[in-house]
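Data file: coords_10.csv. Format and content: CSV, C-alpha atoms.
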```
chain,number,residue,atom,x,y,z
A,1,MET,CA,95.0,49.3,110.3
A,2,VAL,CA,93.4,48.7,113.7
A,3,THR,CA,92.4,51.7,115.7
A,4,SER,CA,92.2,51.9,119.4
A,5,ILE,CA,90.2,54.1,121.8
A,6,THR,CA,91.7,53.0,125.1
A,7,SER,CA,95.4,53.2,124.4
A,8,LEU,CA,97.1,56.3,125.7
A,9,GLY,CA,98.4,57.9,122.5
A,10,ARG,CA,96.0,56.3,120.0
A,11,SER,CA,99.0,55.5,117.8
A,12,GLY,CA,101.6,52.8,118.1
A,13,LEU,CA,104.4,55.2,117.4
A,14,SER,CA,103.2,57.7,119.9
A,15,ASP,CA,102.8,55.1,122.7
A,16,TRP,CA,106.2,53.6,121.9
A,17,MET,CA,107.9,57.0,122.0
A,18,LEU,CA,106.1,58.0,125.3
A,19,GLN,CA,107.1,54.8,126.9
A,20,ARG,CA,110.8,55.4,126.0
A,21,VAL,CA,110.8,59.0,127.3
A,22,ALA,CA,108.9,57.9,130.5
A,23,ALA,CA,111.6,55.2,131.1
A,24,ALA,CA,114.4,57.8,130.7
A,25,VAL,CA,112.7,60.1,133.2
A,26,MET,CA,112.1,57.3,135.7
A,27,THR,CA,115.7,56.1,135.4
A,28,ALA,CA,117.0,59.7,135.9
A,29,TYR,CA,114.8,60.0,139.1
A,30,VAL,CA,116.0,56.7,140.5
A,31,ILE,CA,119.7,57.6,139.9
A,32,PHE,CA,119.2,61.1,141.4
A,33,ILE,CA,117.4,59.8,144.6
A,34,THR,CA,120.0,57.0,145.0
A,35,ALA,CA,122.9,59.4,144.6
A,36,TYR,CA,121.3,61.9,147.0
A,37,LEU,CA,120.8,59.3,149.7
A,38,MET,CA,124.4,58.1,149.2
A,39,VAL,CA,125.9,61.6,149.4
A,40,ASN,CA,123.8,62.3,152.5
A,41,PRO,CA,124.1,59.3,154.8
A,42,ASP,CA,123.0,61.2,157.8
A,43,LEU,CA,119.9,62.7,156.2
A,44,SER,CA,117.6,64.6,158.6
A,45,TYR,CA,113.8,65.0,158.1
A,46,GLU,CA,114.2,68.8,157.6
A,47,GLN,CA,116.8,68.3,154.9
A,48,TRP,CA,114.6,65.7,153.1
A,49,ARG,CA,111.5,67.9,153.4
A,50,GLY,CA,113.6,70.9,152.2
A,51,LEU,CA,114.6,68.9,149.1
A,52,HIS,CA,111.1,68.0,148.2
A,53,SER,CA,109.8,71.5,148.9
A,54,SER,CA,111.9,73.1,146.2
A,55,LEU,CA,110.1,73.9,143.0
A,56,PRO,CA,112.6,72.1,140.7
A,57,MET,CA,112.4,68.9,142.8
A,58,ARG,CA,108.6,69.1,142.9
A,59,MET,CA,108.6,69.4,139.1
A,60,PHE,CA,111.0,66.5,138.8
A,61,SER,CA,108.8,64.4,141.1
A,62,LEU,CA,105.7,65.3,139.2
A,63,MET,CA,107.3,64.5,135.8
A,64,THR,CA,108.3,61.1,137.3
A,65,ILE,CA,104.8,60.5,138.5
A,66,LEU,CA,103.4,61.3,135.1
A,67,SER,CA,106.0,59.1,133.5
A,68,ILE,CA,105.0,56.2,135.8
A,69,ALA,CA,101.4,56.8,134.9
A,70,ALA,CA,102.0,56.8,131.2
A,71,HIS,CA,104.3,53.8,131.3
A,72,ALA,CA,101.8,51.8,133.4
A,73,TRP,CA,98.9,52.8,131.1
A,74,ILE,CA,100.7,51.7,127.9
A,75,GLY,CA,102.1,48.6,129.5
A,76,MET,CA,98.9,47.4,131.2
A,77,TRP,CA,97.0,48.2,128.0
A,78,CYS,CA,99.3,45.8,126.1
A,79,VAL,CA,98.8,43.1,128.8
A,80,PHE,CA,95.0,43.4,128.6
A,81,THR,CA,95.0,43.3,124.8
A,82,ASP,CA,97.3,40.3,124.8
A,83,TYR,CA,95.6,38.1,127.4
A,84,VAL,CA,92.0,39.3,127.8
A,85,THR,CA,90.8,38.6,124.3
A,86,VAL,CA,87.9,36.7,122.7
A,87,ARG,CA,90.5,34.4,121.3
A,88,LEU,CA,91.8,33.4,124.7
A,89,ILE,CA,88.9,33.6,127.1
A,90,GLY,CA,85.8,33.6,124.9
A,91,PRO,CA,83.0,36.0,124.0
A,92,LYS,CA,82.8,37.8,127.4
A,93,ALA,CA,86.4,39.1,126.8
A,94,THR,CA,85.4,42.4,125.3
A,95,ILE,CA,83.3,43.5,128.3
A,96,VAL,CA,85.9,42.1,130.8
A,97,ARG,CA,88.7,43.9,128.9
A,98,ILE,CA,86.9,47.2,128.9
A,99,PHE,CA,86.2,46.9,132.6
A,100,PHE,CA,89.9,46.2,133.3
A,101,GLN,CA,91.1,49.0,131.0
A,102,LEU,CA,88.7,51.6,132.5
A,103,SER,CA,89.6,50.5,136.0
A,104,MET,CA,93.3,50.8,135.2
A,105,ILE,CA,92.8,54.3,133.7
A,106,THR,CA,90.7,55.4,136.7
A,107,ILE,CA,93.2,54.1,139.3
A,108,THR,CA,96.1,55.7,137.3
A,109,LEU,CA,94.4,59.1,137.2
A,110,LEU,CA,93.5,58.9,140.9
A,111,TYR,CA,97.2,58.2,141.8
A,112,VAL,CA,98.3,61.2,139.6
A,113,VAL,CA,95.8,63.5,141.3
A,114,TRP,CA,96.8,62.2,144.7
A,115,ALA,CA,100.5,62.7,143.9
A,116,ILE,CA,99.8,66.3,142.8
A,117,ASP,CA,97.9,66.9,146.0
A,118,ILE,CA,100.9,65.6,148.0
A,119,LEU,CA,103.5,67.6,146.1
A,120,TRP,CA,101.7,70.9,146.0
A,121,GLY,CA,99.9,70.5,149.3
A,122,MET,CA,103.1,70.4,151.3
B,1,MET,CA,117.1,3.1,118.8
B,2,LEU,CA,115.8,6.6,118.8
B,3,THR,CA,112.3,7.4,120.2
B,4,VAL,CA,110.4,9.7,118.0
B,5,SER,CA,107.4,11.3,119.6
B,6,ILE,CA,105.0,12.8,117.1
B,7,TYR,CA,101.9,15.0,117.5
B,8,ARG,CA,98.9,13.2,116.0
B,9,TYR,CA,95.5,14.6,115.4
B,10,ASN,CA,92.9,13.6,112.8
B,11,PRO,CA,89.8,15.7,113.5
B,12,GLU,CA,87.6,13.1,111.7
B,13,ALA,CA,88.6,10.3,114.0
B,14,ASP,CA,90.2,11.8,117.2
B,15,ASP,CA,88.5,13.6,120.0
B,16,GLN,CA,91.8,15.0,121.2
B,17,PRO,CA,95.3,15.4,119.8
B,18,TYR,CA,97.8,12.9,121.3
B,19,MET,CA,101.6,12.1,121.1
B,20,GLN,CA,102.5,8.8,119.4
B,21,ASP,CA,105.9,7.2,120.0
B,22,PHE,CA,107.8,5.5,117.1
B,23,GLU,CA,111.1,3.7,117.2
B,24,PHE,CA,113.7,4.7,114.6
B,25,ASP,CA,117.1,3.3,113.9
B,26,ALA,CA,119.4,5.9,112.3
B,27,GLN,CA,122.2,3.3,112.0
B,28,GLY,CA,124.7,5.8,113.3
B,29,ARG,CA,124.0,8.3,110.5
B,30,ASP,CA,123.2,12.0,111.1
B,31,VAL,CA,120.2,12.2,108.8
B,32,MET,CA,117.7,15.0,108.6
B,33,VAL,CA,114.4,15.1,110.6
B,34,LEU,CA,112.5,14.9,107.3
B,35,ASP,CA,114.3,11.7,106.5
B,36,VAL,CA,113.1,10.2,109.8
B,37,LEU,CA,109.5,11.3,108.9
B,38,GLU,CA,109.7,9.8,105.5
B,39,LYS,CA,110.8,6.5,106.9
B,40,LEU,CA,108.1,6.6,109.5
B,41,LYS,CA,105.5,7.5,106.9
B,42,ALA,CA,106.5,4.4,104.9
B,43,SER,CA,105.5,2.3,107.9
B,44,ASP,CA,102.5,4.4,108.8
B,45,PRO,CA,100.9,6.1,105.8
B,46,THR,CA,98.4,7.9,107.9
B,47,LEU,CA,101.1,10.3,109.2
B,48,VAL,CA,100.6,13.6,107.6
B,49,TYR,CA,103.0,16.5,107.1
B,50,ARG,CA,103.9,19.0,104.3
B,51,ARG,CA,107.1,18.8,102.4
B,52,SER,CA,108.3,19.6,98.9
B,53,CYS,CA,111.9,20.6,97.9
B,54,ARG,CA,113.7,18.8,100.8
B,55,GLU,CA,116.5,21.3,100.7
B,56,GLY,CA,115.3,24.4,102.7
B,57,VAL,CA,114.0,26.4,99.8
B,58,CYS,CA,110.3,25.9,99.6
B,59,GLY,CA,109.5,26.4,103.3
B,60,SER,CA,106.8,23.7,103.4
B,61,ASP,CA,108.1,21.6,106.3
B,62,GLY,CA,108.2,24.1,109.1
B,63,MET,CA,107.5,22.3,112.3
B,64,ASN,CA,108.3,22.4,116.0
B,65,ILE,CA,111.3,20.1,116.4
B,66,SER,CA,112.2,19.3,120.1
B,67,GLY,CA,110.8,22.6,121.2
B,68,LYS,CA,112.3,24.8,118.5
B,69,ASN,CA,110.7,25.8,115.2
B,70,GLY,CA,112.6,24.8,112.1
B,71,LEU,CA,112.6,23.1,108.7
B,72,ALA,CA,112.6,19.3,109.0
B,73,CYS,CA,114.6,19.0,105.8
B,74,ILE,CA,117.6,20.9,107.0
B,75,THR,CA,117.6,20.1,110.7
B,76,PRO,CA,120.0,17.2,111.4
B,77,LEU,CA,119.2,14.7,114.2
B,78,SER,CA,122.4,15.8,116.0
B,79,GLN,CA,120.8,19.2,116.5
B,80,ALA,CA,117.3,18.0,117.4
B,81,VAL,CA,117.7,14.9,119.5
B,82,LYS,CA,117.7,15.3,123.3
B,83,ASN,CA,118.1,12.4,125.7
B,84,ASN,CA,117.8,10.0,122.7
B,85,LYS,CA,114.3,11.4,122.0
B,86,LEU,CA,113.0,13.5,119.1
B,87,VAL,CA,109.7,15.3,119.7
B,88,ILE,CA,107.9,16.7,116.7
B,89,ARG,CA,104.9,19.0,116.9
B,90,PRO,CA,103.1,21.3,114.5
B,91,LEU,CA,104.1,25.0,114.4
B,92,PRO,CA,102.6,26.4,117.6
B,93,GLY,CA,99.7,28.8,117.9
B,94,MET,CA,98.0,28.0,114.6
B,95,PRO,CA,94.9,25.8,114.0
B,96,VAL,CA,95.9,22.2,113.2
B,97,ILE,CA,94.3,20.6,110.1
B,98,ARG,CA,95.8,17.2,110.7
B,99,ASP,CA,98.9,15.9,112.4
B,100,LEU,CA,101.8,18.3,111.6
B,101,VAL,CA,99.8,20.3,109.0
B,102,ILE,CA,98.6,23.7,110.2
B,103,ASP,CA,96.1,26.2,108.7
B,104,MET,CA,98.4,29.0,107.4
B,105,GLY,CA,95.4,31.3,106.5
B,106,GLN,CA,96.1,33.8,109.3
B,107,PHE,CA,99.8,34.0,108.4
B,108,TYR,CA,99.0,34.6,104.7
B,109,ALA,CA,96.3,37.2,105.6
B,110,GLN,CA,99.0,39.2,107.4
B,111,TYR,CA,101.4,38.8,104.5
B,112,GLU,CA,98.7,40.1,102.1
B,113,LYS,CA,98.2,43.2,104.3
B,114,ILE,CA,101.7,44.5,103.7
B,115,GLN,CA,101.1,44.6,99.9
B,116,PRO,CA,104.1,42.3,99.1
B,117,TYR,CA,104.7,43.7,95.6
B,118,LEU,CA,106.4,46.6,94.1
B,119,VAL,CA,104.2,49.7,93.8
B,120,ASN,CA,105.3,52.2,91.2
B,121,ASN,CA,102.8,54.2,89.2
B,122,THR,CA,105.4,56.2,87.2
B,123,PRO,CA,105.7,55.3,83.5
B,124,ALA,CA,107.8,52.1,83.1
B,125,PRO,CA,111.2,52.7,81.4
B,126,ALA,CA,112.0,50.9,78.1
B,127,ILE,CA,113.9,48.1,79.7
B,128,GLU,CA,113.9,48.0,83.5
B,129,ARG,CA,113.9,50.1,86.6
B,130,LEU,CA,117.6,50.3,87.5
B,131,GLN,CA,119.2,50.3,91.0
B,132,SER,CA,122.7,51.0,92.0
B,133,PRO,CA,124.6,48.1,93.7
B,134,GLU,CA,124.3,50.0,97.0
B,135,GLU,CA,120.5,50.3,96.6
B,136,ARG,CA,120.2,46.7,95.7
B,137,ALA,CA,122.3,45.7,98.7
B,138,LYS,CA,119.7,47.1,101.1
B,139,LEU,CA,117.4,44.2,100.1
B,140,ASP,CA,120.0,41.6,101.3
B,141,GLY,CA,118.8,39.8,104.4
B,142,LEU,CA,115.2,40.6,103.4
B,143,TYR,CA,114.4,39.0,100.0
B,144,GLU,CA,115.6,35.6,101.2
B,145,CYS,CA,112.5,34.9,103.3
B,146,ILE,CA,110.8,31.7,102.2
B,147,LEU,CA,107.6,32.3,104.2
B,148,CYS,CA,107.9,29.1,106.2
B,149,ALA,CA,106.2,30.7,109.2
B,150,CYS,CA,108.8,29.4,111.7
B,151,CYS,CA,109.4,33.0,113.0
B,152,SER,CA,105.8,34.2,113.3
B,153,THR,CA,104.7,31.0,115.0
B,154,ALA,CA,107.5,31.3,117.5
B,155,CYS,CA,106.4,34.9,118.5
B,156,PRO,CA,104.2,35.3,121.6
B,157,SER,CA,102.9,38.6,120.2
B,158,PHE,CA,101.7,36.7,117.1
B,159,TRP,CA,100.2,33.9,119.2
B,160,TRP,CA,98.0,36.4,121.2
B,161,ASN,CA,97.1,38.7,118.3
B,162,PRO,CA,97.5,36.9,115.0
B,163,ASP,CA,94.7,38.9,113.4
B,164,LYS,CA,96.2,42.3,114.3
B,165,PHE,CA,100.0,42.0,114.7
B,166,ILE,CA,101.6,41.5,111.3
B,167,GLY,CA,104.2,39.2,112.7
B,168,PRO,CA,108.0,39.0,112.1
B,169,SER,CA,107.7,37.4,108.7
B,170,GLY,CA,105.2,39.9,107.3
B,171,LEU,CA,107.2,42.8,108.8
B,172,LEU,CA,110.5,41.6,107.3
B,173,GLN,CA,108.7,41.6,103.9
B,174,ALA,CA,107.1,45.0,104.7
B,175,TYR,CA,110.6,46.4,105.2
B,176,ARG,CA,111.8,44.7,102.0
B,177,PHE,CA,109.4,46.9,100.0
B,178,LEU,CA,110.0,50.0,102.2
B,179,ALA,CA,113.7,49.7,101.5
B,180,ASP,CA,113.3,49.2,97.8
B,181,THR,CA,114.2,52.4,96.0
B,182,ARG,CA,112.0,51.4,93.0
B,183,ASP,CA,108.9,51.5,95.2
B,184,THR,CA,107.0,54.8,95.4
B,185,SER,CA,104.4,54.1,98.0
B,186,THR,CA,106.6,54.4,101.1
B,187,GLU,CA,104.4,57.0,102.9
B,188,GLU,CA,101.2,55.0,102.2
B,189,ARG,CA,102.9,51.8,103.5
B,190,LEU,CA,104.1,53.6,106.6
B,191,ALA,CA,100.6,55.1,107.3
B,192,LYS,CA,99.1,51.6,107.4
B,193,LEU,CA,101.6,50.5,110.1
B,194,ASP,CA,101.2,53.3,112.6
B,195,ASP,CA,98.7,51.7,114.9
B,196,PRO,CA,99.3,50.0,118.3
B,197,PHE,CA,99.3,46.5,116.8
B,198,SER,CA,100.7,46.1,113.3
B,199,VAL,CA,104.3,46.9,114.2
B,200,PHE,CA,104.4,48.0,117.8
B,201,ARG,CA,103.1,44.7,119.3
B,202,CYS,CA,106.7,43.6,118.7
B,203,HIS,CA,108.4,43.7,122.1
B,204,GLY,CA,111.8,42.6,120.9
B,205,ILE,CA,111.6,39.1,122.3
B,206,MET,CA,113.7,37.9,119.3
B,207,ASN,CA,112.4,34.4,119.1
B,208,CYS,CA,112.1,35.1,115.4
B,209,VAL,CA,115.8,35.6,115.0
B,210,GLN,CA,116.6,32.5,117.1
B,211,VAL,CA,114.5,30.2,114.9
B,212,CYS,CA,114.8,31.6,111.3
B,213,PRO,CA,116.2,28.7,109.3
B,214,LYS,CA,117.6,31.2,106.7
B,215,GLY,CA,119.5,33.1,109.4
B,216,LEU,CA,117.5,36.3,108.8
B,217,ASN,CA,116.8,39.0,111.4
B,218,PRO,CA,113.2,40.2,111.5
B,219,THR,CA,113.8,42.2,114.7
B,220,ARG,CA,116.3,44.4,113.0
B,221,ALA,CA,113.9,44.9,110.1
B,222,ILE,CA,111.2,45.9,112.6
B,223,GLY,CA,113.7,48.4,114.1
B,224,HIS,CA,114.2,49.9,110.7
B,225,ILE,CA,110.5,50.3,110.1
B,226,ARG,CA,110.2,52.0,113.5
B,227,ASN,CA,113.0,54.4,112.6
B,228,MET,CA,111.3,55.2,109.3
B,229,LEU,CA,108.0,55.8,111.2
B,230,ILE,CA,109.8,58.2,113.6
B,231,ARG,CA,111.5,60.0,110.7
B,232,SER,CA,108.1,60.4,108.9
B,233,ALA,CA,106.1,61.4,112.0
B,234,THR,CA,108.5,63.9,113.7
```

Now, as a test, write the supplied structure out as structure tokens.
Amino acid sequence: MVTSITSLGRSGLSDWMLQRVAAAVMTAYVIFITAYLMVNPDLSYEQWRGLHSSLPMRMFSLMTILSIAAHAWIGMWCVFTDYVTVRLIGPKATIVRIFFQLSMITITLLYVVWAIDILWGM
Amino acid sequence: MLTVSIYRYNPEADDQPYMQDFEFDAQGRDVMVLDVLEKLKASDPTLVYRRSCREGVCGSDGMNISGKNGLACITPLSQAVKNNKLVIRPLPGMPVIRDLVIDMGQFYAQYEKIQPYLVNNTPAPAIERLQSPEERAKLDGLYECILCACCSTACPSFWWNPDKFIGPSGLLQAYRFLADTRDTSTEERLAKLDDPFSVFRCHGIMNCVQVCPKGLNPTRAIGHIRNMLIRSAT
């Protein structure tokens, strides 16, 4: 068994499950926003702001942001461990991969914090 | 005349692998790819490939035939020839020993990991460990694997991580023992598979299903393993 310290859930099953749940949340959000825009063709700024000011909508948006972050973390981790390996690019791969992984994790967390600031700073 | 383009590489003599073209006259018959290789080898004894049973049972002559992995002995020319040309390469992603012969070490190392044997530490009964017909039926579609490596060497996840991802063939065999009611080490077997690579590097590409010369479905077996892991861990 190969352990991992930079994958999100540390376990294959946990990552797999997280990615499926995250996908469901993102799909629900896209369907909701699309339906809302179709039902309200003459949407005003006040109405749009009102929607996003409500607590349930802010929670839904935050859940979606967290889902995107989890989905991206797991997906990008897979890409890096597939293509940035000693087998494919030589002995420097480990340090390059750690750099990419830590950069991806940092950027993802920054986006999450920024999104929380936007949602709760309104 | 059919043009047969074959991957050639002799590490003792060649700096680089190269493709060598041969001409072959099938005389209108739909022979197997292995028959073509046998004829060509008669004219050029330096051509090297593995073969044994010549009837799709031993799994020795797995190779990449016109872009698709398969067994040369049961692949007819009518399926393999495109634009009057037959292209034969070794199974992809594995080290080449010579011509069409690959080093299967990594493939067997993954097979070894899944403990491909029955584990049962309970006292053996006087005659045999019995199964009902329904329990035995669970092994259908699993036990038939001949370890030809066509599936694993068609899998991109196995190309990138052959040392960590068990691969479709190994996972089909892993499920063969997980599904066996006579085996008592199910939890131990599952515990060894719950990491980000062994099982979960399968992204459901299904190349394995497309190429399996025995018509087996490793992706379905991997799905069953995943379901067993979910049942065990939730």

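All chain B residues having an atom within 6 Å of chain A, based on only C-alpha atoms, amount to Trp160, Lys192, Asp194, Asp195, Pro196 and Phe200 of chain B.
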
Applying 10 Å and all atoms listed in the file, which residues near A:Thr6 remain after dropping the ones on its own chain fewer than 4 positions away? List them as a list in words. Arg10, Trp73, Ile74, Trp77, Ile98, Gln101, Leu102 and Ile105 of chain A

Between A:Met63, A:Pro41, A:Arg58, A:Leu51, which is the closest to A:Thr27 once you count only C-alpha atoms?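 Comparing A:Met63, A:Pro41, A:Arg58, A:Leu51 against A:Thr27, the winner is A:Met63.
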
Skip B:Ser5 itself and residues of its chain fewer than 6 positions away, then list as a PyMOL selection string all residues within 10 Å of it, counting only C-alpha atoms. chain B and resi 18-23+66+85-89

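The spacing separating atom CA of B:Gly70 from atom CA of B:Ala26 amounts to 20.1 Å.
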
What's the separation between atom CA of A:Trp120 and atom CA of A:Glu46, in Å to one decimal place?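 For atom CA of A:Trp120 relative to atom CA of A:Glu46, the distance reads 17.2 Å.
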
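Nearest residue to B:Cys155 among B:Val101, B:Leu216, B:Cys208, B:Ile225 is B:Cys208, counting all atoms listed in the file.
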
Report, in Å to a single decimal, how far apart atom CA of B:Val211 and atom CA of B:Gly141 are. 14.9 Å
